[in-house]
file upload_1.cif (mmCIF, C-alpha atoms and all ligand atoms)
data_work
#
loop_
_atom_site.label_atom_id
_atom_site.label_comp_id
_atom_site.auth_asym_id
_atom_site.auth_seq_id
_atom_site.Cartn_x
_atom_site.Cartn_y
_atom_site.Cartn_z
CA MET A 1 11.20 7.21 16.60
CA TYR A 2 11.40 4.84 13.73
CA SER A 3 13.65 1.90 13.26
CA ILE A 4 15.66 1.69 10.07
CA ASN A 5 13.42 -1.08 8.76
CA GLU A 6 10.29 1.01 9.14
CA GLN A 7 11.88 3.89 7.33
CA MET A 8 12.94 1.77 4.42
CA ALA A 9 9.72 0.03 3.50
CA LYS A 10 6.16 1.05 2.84
CA LEU A 11 2.98 -0.87 2.12
CA VAL A 12 1.39 -0.47 -1.27
CA PHE A 13 -1.96 -1.72 -2.48
CA LYS A 14 -3.05 -1.52 -6.10
CA CYS A 15 -6.72 -1.84 -6.86
CA ARG A 16 -5.78 -3.50 -10.14
CA ASP A 17 -4.28 -6.39 -8.20
CA ILE A 18 -7.69 -7.46 -6.94
CA GLY A 19 -9.15 -7.41 -10.42
CA PHE A 20 -10.51 -3.92 -11.03
CA GLU A 21 -9.76 -1.79 -14.06
CA CYS A 22 -8.64 0.98 -11.80
CA ASN A 23 -5.50 2.95 -11.19
CA TYR A 24 -6.13 3.51 -7.51
CA GLU A 25 -3.21 2.93 -5.21
CA ALA A 26 -3.14 3.16 -1.46
CA ASN A 27 0.01 3.31 0.52
CA GLY A 28 1.06 3.71 4.09
CA LYS A 29 3.39 2.49 6.73
CA TYR A 30 1.04 0.12 8.52
CA VAL A 31 -1.67 -2.34 7.55
CA ASP A 32 -4.00 -0.62 10.04
CA GLU A 33 -3.44 2.62 8.17
CA ILE A 34 -3.86 1.32 4.63
CA VAL A 35 -6.81 -1.08 5.02
CA PRO A 36 -9.39 1.60 5.96
CA LYS A 37 -8.34 3.59 2.86
CA ILE A 38 -8.87 0.52 0.67
CA ILE A 39 -12.25 -0.26 2.22
CA GLU A 40 -13.35 3.35 1.74
CA HIS A 41 -12.19 3.31 -1.88
CA LEU A 42 -14.00 0.04 -2.63
CA ARG A 43 -17.18 1.37 -1.04
CA VAL A 44 -17.17 4.76 -2.77
CA VAL A 45 -15.77 3.86 -6.18
CA HIS A 46 -16.77 0.24 -6.68
CA ASN A 47 -19.99 0.18 -4.63
CA LEU A 48 -18.80 -2.64 -2.43
CA GLU A 49 -20.68 -2.09 0.81
CA LYS A 50 -19.66 -5.36 2.36
CA LEU A 51 -16.47 -7.26 1.82
CA ASP A 52 -16.76 -11.02 1.99
CA GLU A 53 -14.01 -13.20 3.35
CA GLU A 54 -12.68 -13.96 -0.09
CA MET A 55 -12.34 -10.27 -0.91
CA LYS A 56 -10.67 -9.52 2.42
CA ASP A 57 -8.26 -12.32 1.72
CA ARG A 58 -7.51 -10.96 -1.74
CA ILE A 59 -6.90 -7.49 -0.35
CA ALA A 60 -4.57 -8.85 2.32
CA LYS A 61 -2.58 -10.74 -0.31
CA SER A 62 -2.40 -7.70 -2.56
CA ILE A 63 -0.76 -5.46 0.02
CA ASN A 64 2.90 -5.49 -0.84
CA LYS A 65 5.84 -4.28 1.11
CA VAL A 66 7.92 -2.02 -1.08
CA PRO A 67 11.37 -0.84 -0.17
CA ILE A 68 11.88 2.90 -0.20
CA LYS A 69 15.05 3.95 -1.87
CA ILE A 70 16.72 6.53 0.22
CA LYS A 71 19.02 8.80 -1.65
CA MET A 72 22.05 9.32 0.46
CA ALA A 73 23.73 12.66 0.20
CA VAL A 74 27.11 11.05 0.48
CA GLY A 75 29.30 13.15 -1.71
CA LYS A 76 29.69 11.57 -5.12
CA LYS A 77 31.38 14.72 -6.28
CA THR A 78 34.10 14.45 -3.73
CA LEU A 79 35.10 10.97 -4.88
ZN ZN A 101 -10.44 0.86 -7.52
#

call {"tool": "encode", "arguments": {"input": "upload_1.cif", "output": "structure tokens", "more": "lines below"}}
Ligand SMILES: [Zn+2]
result
Amino acid sequence: MYSINEQMAKLVFKCRDIGFECNYEANGKYVDEIVPKIIEHLRVVHNLEKLDEEMKDRIAKSINKVPIKIKMAVGKKTL
């Protein structure tokens, strides 16, 4: 079961935000879910085998919480 807060936000990381000319975006509900995707992307696409502390810090700061807009099916037509 999810709380309302968890349902209404997701985490988004854009590769561009850490300085690459790249359109890659990772998203997920939890940091633990999104970070491995980012690390894998950086390794495969940008040949970064090891991330130094500065890069880890940049990644952490570039993960943004984005609200999910939930479209409510509350009858506009009936109003
Ligand atoms: Zn990238």

call {"tool": "residues_near_ligand", "arguments": {"input": "upload_1.cif", "ligand": "ligand ZN 101 (chain A)", "cutoff": "8 Å", "atoms": "all atoms listed in the file", "output": "list in words"}}
result
Lys14, Cys15, Arg16, Phe20, Glu21, Cys22, Asn23, Tyr24, Glu25, His41, Leu42, Val45 and His46 of chain A

call {"tool": "residues_around", "arguments": {"input": "upload_1.cif", "residues": "range 27-31 of chain A", "least_positions_apart": "2", "cutoff": "7 Å", "atoms": "only C-alpha atoms", "output": "number ranges by chain"}}
result
A: 10-13, 25, 33-35

call {"tool": "axis_aligned_box", "arguments": {"input": "upload_1.cif", "around": "range 34-45 of chain A", "padding_each_side": "8 Å", "output": "AutoDock Vina command-line options"}}
result
--center_x -10.5 --center_y 1.8 --center_z -0.1 --size_x 29.3 --size_y 21.8 --size_z 28.1

call {"tool": "atom_distance", "arguments": {"input": "upload_1.cif", "atom1": "CA of Arg58 in chain A", "atom2": "CA of Ala26 in chain A"}}
result
14.8 Å

call {"tool": "atom_distance", "arguments": {"input": "upload_1.cif", "atom1": "CA of Arg43 in chain A", "atom2": "CA of Ile68 in chain A"}}
result
29.1 Å

call {"tool": "closest_residue", "arguments": {"input": "upload_1.cif", "among": "A:Val44, A:Val66, A:Leu51, A:Ile59", "to": "Ala9 in chain A", "atoms": "all atoms listed in the file"}}
result
A:Val66

call {"tool": "atom_distance", "arguments": {"input": "upload_1.cif", "atom1": "CA of Asn64 in chain A", "atom2": "CA of Asp17 in chain A"}}
result
10.3 Å

call {"tool": "decode", "arguments": {"input": "upload_1.cif", "residues": "range 7-55 of chain A", "atoms": "C-alpha atoms", "output": "PDB file, in the first residue's frame"}}
result
ATOM      1  CA  GLN A   7       1.669   8.227  -5.200  1.00  0.00           C
ATOM      2  CA  MET A   8       1.950  11.876  -6.016  1.00  0.00           C
ATOM      3  CA  ALA A   9       5.669  12.290  -6.492  1.00  0.00           C
ATOM      4  CA  LYS A  10       8.385  10.550  -8.424  1.00  0.00           C
ATOM      5  CA  LEU A  11      12.136  10.988  -8.628  1.00  0.00           C
ATOM      6  CA  VAL A  12      13.619  12.156 -11.889  1.00  0.00           C
ATOM      7  CA  PHE A  13      17.254  12.375 -12.905  1.00  0.00           C
ATOM      8  CA  LYS A  14      18.398  14.027 -16.109  1.00  0.00           C
ATOM      9  CA  CYS A  15      21.849  13.204 -17.378  1.00  0.00           C
ATOM     10  CA  ARG A  16      22.038  16.725 -18.779  1.00  0.00           C
ATOM     11  CA  ASP A  17      21.915  18.089 -15.239  1.00  0.00           C
ATOM     12  CA  ILE A  18      25.318  16.642 -14.440  1.00  0.00           C
ATOM     13  CA  GLY A  19      26.851  18.155 -17.537  1.00  0.00           C
ATOM     14  CA  PHE A  20      26.480  15.621 -20.342  1.00  0.00           C
ATOM     15  CA  GLU A  21      25.063  16.356 -23.766  1.00  0.00           C
ATOM     16  CA  CYS A  22      22.611  13.562 -23.325  1.00  0.00           C
ATOM     17  CA  ASN A  23      18.874  13.145 -23.244  1.00  0.00           C
ATOM     18  CA  TYR A  24      18.888  10.244 -20.830  1.00  0.00           C
ATOM     19  CA  GLU A  25      16.399  10.419 -18.008  1.00  0.00           C
ATOM     20  CA  ALA A  26      15.936   7.976 -15.181  1.00  0.00           C
ATOM     21  CA  ASN A  27      12.938   7.946 -12.982  1.00  0.00           C
ATOM     22  CA  GLY A  28      11.546   5.912 -10.165  1.00  0.00           C
ATOM     23  CA  LYS A  29       9.856   6.059  -6.849  1.00  0.00           C
ATOM     24  CA  TYR A  30      12.888   5.590  -4.629  1.00  0.00           C
ATOM     25  CA  VAL A  31      16.500   6.727  -4.613  1.00  0.00           C
ATOM     26  CA  ASP A  32      17.564   3.089  -4.199  1.00  0.00           C
ATOM     27  CA  GLU A  33      15.709   2.290  -7.393  1.00  0.00           C
ATOM     28  CA  ILE A  34      16.951   5.170  -9.522  1.00  0.00           C
ATOM     29  CA  VAL A  35      20.644   5.338  -8.526  1.00  0.00           C
ATOM     30  CA  PRO A  36      21.599   1.900  -9.936  1.00  0.00           C
ATOM     31  CA  LYS A  37      19.992   2.902 -13.263  1.00  0.00           C
ATOM     32  CA  ILE A  38      22.053   6.093 -13.334  1.00  0.00           C
ATOM     33  CA  ILE A  39      25.278   4.283 -12.466  1.00  0.00           C
ATOM     34  CA  GLU A  40      24.603   1.702 -15.175  1.00  0.00           C
ATOM     35  CA  HIS A  41      23.882   4.434 -17.720  1.00  0.00           C
ATOM     36  CA  LEU A  42      27.054   6.351 -16.848  1.00  0.00           C
ATOM     37  CA  ARG A  43      29.119   3.172 -17.109  1.00  0.00           C
ATOM     38  CA  VAL A  44      27.672   1.965 -20.407  1.00  0.00           C
ATOM     39  CA  VAL A  45      27.122   5.239 -22.244  1.00  0.00           C
ATOM     40  CA  HIS A  46      29.721   7.580 -20.784  1.00  0.00           C
ATOM     41  CA  ASN A  47      32.429   5.038 -19.901  1.00  0.00           C
ATOM     42  CA  LEU A  48      32.523   6.069 -16.271  1.00  0.00           C
ATOM     43  CA  GLU A  49      33.674   2.926 -14.489  1.00  0.00           C
ATOM     44  CA  LYS A  50      34.176   4.601 -11.155  1.00  0.00           C
ATOM     45  CA  LEU A  51      32.287   7.518  -9.740  1.00  0.00           C
ATOM     46  CA  ASP A  52      34.278   9.819  -7.512  1.00  0.00           C
ATOM     47  CA  GLU A  53      32.757  11.583  -4.548  1.00  0.00           C
ATOM     48  CA  GLU A  54      32.203  14.754  -6.497  1.00  0.00           C
ATOM     49  CA  MET A  55      30.255  12.915  -9.186  1.00  0.00           C
TER      50      MET A  55
END
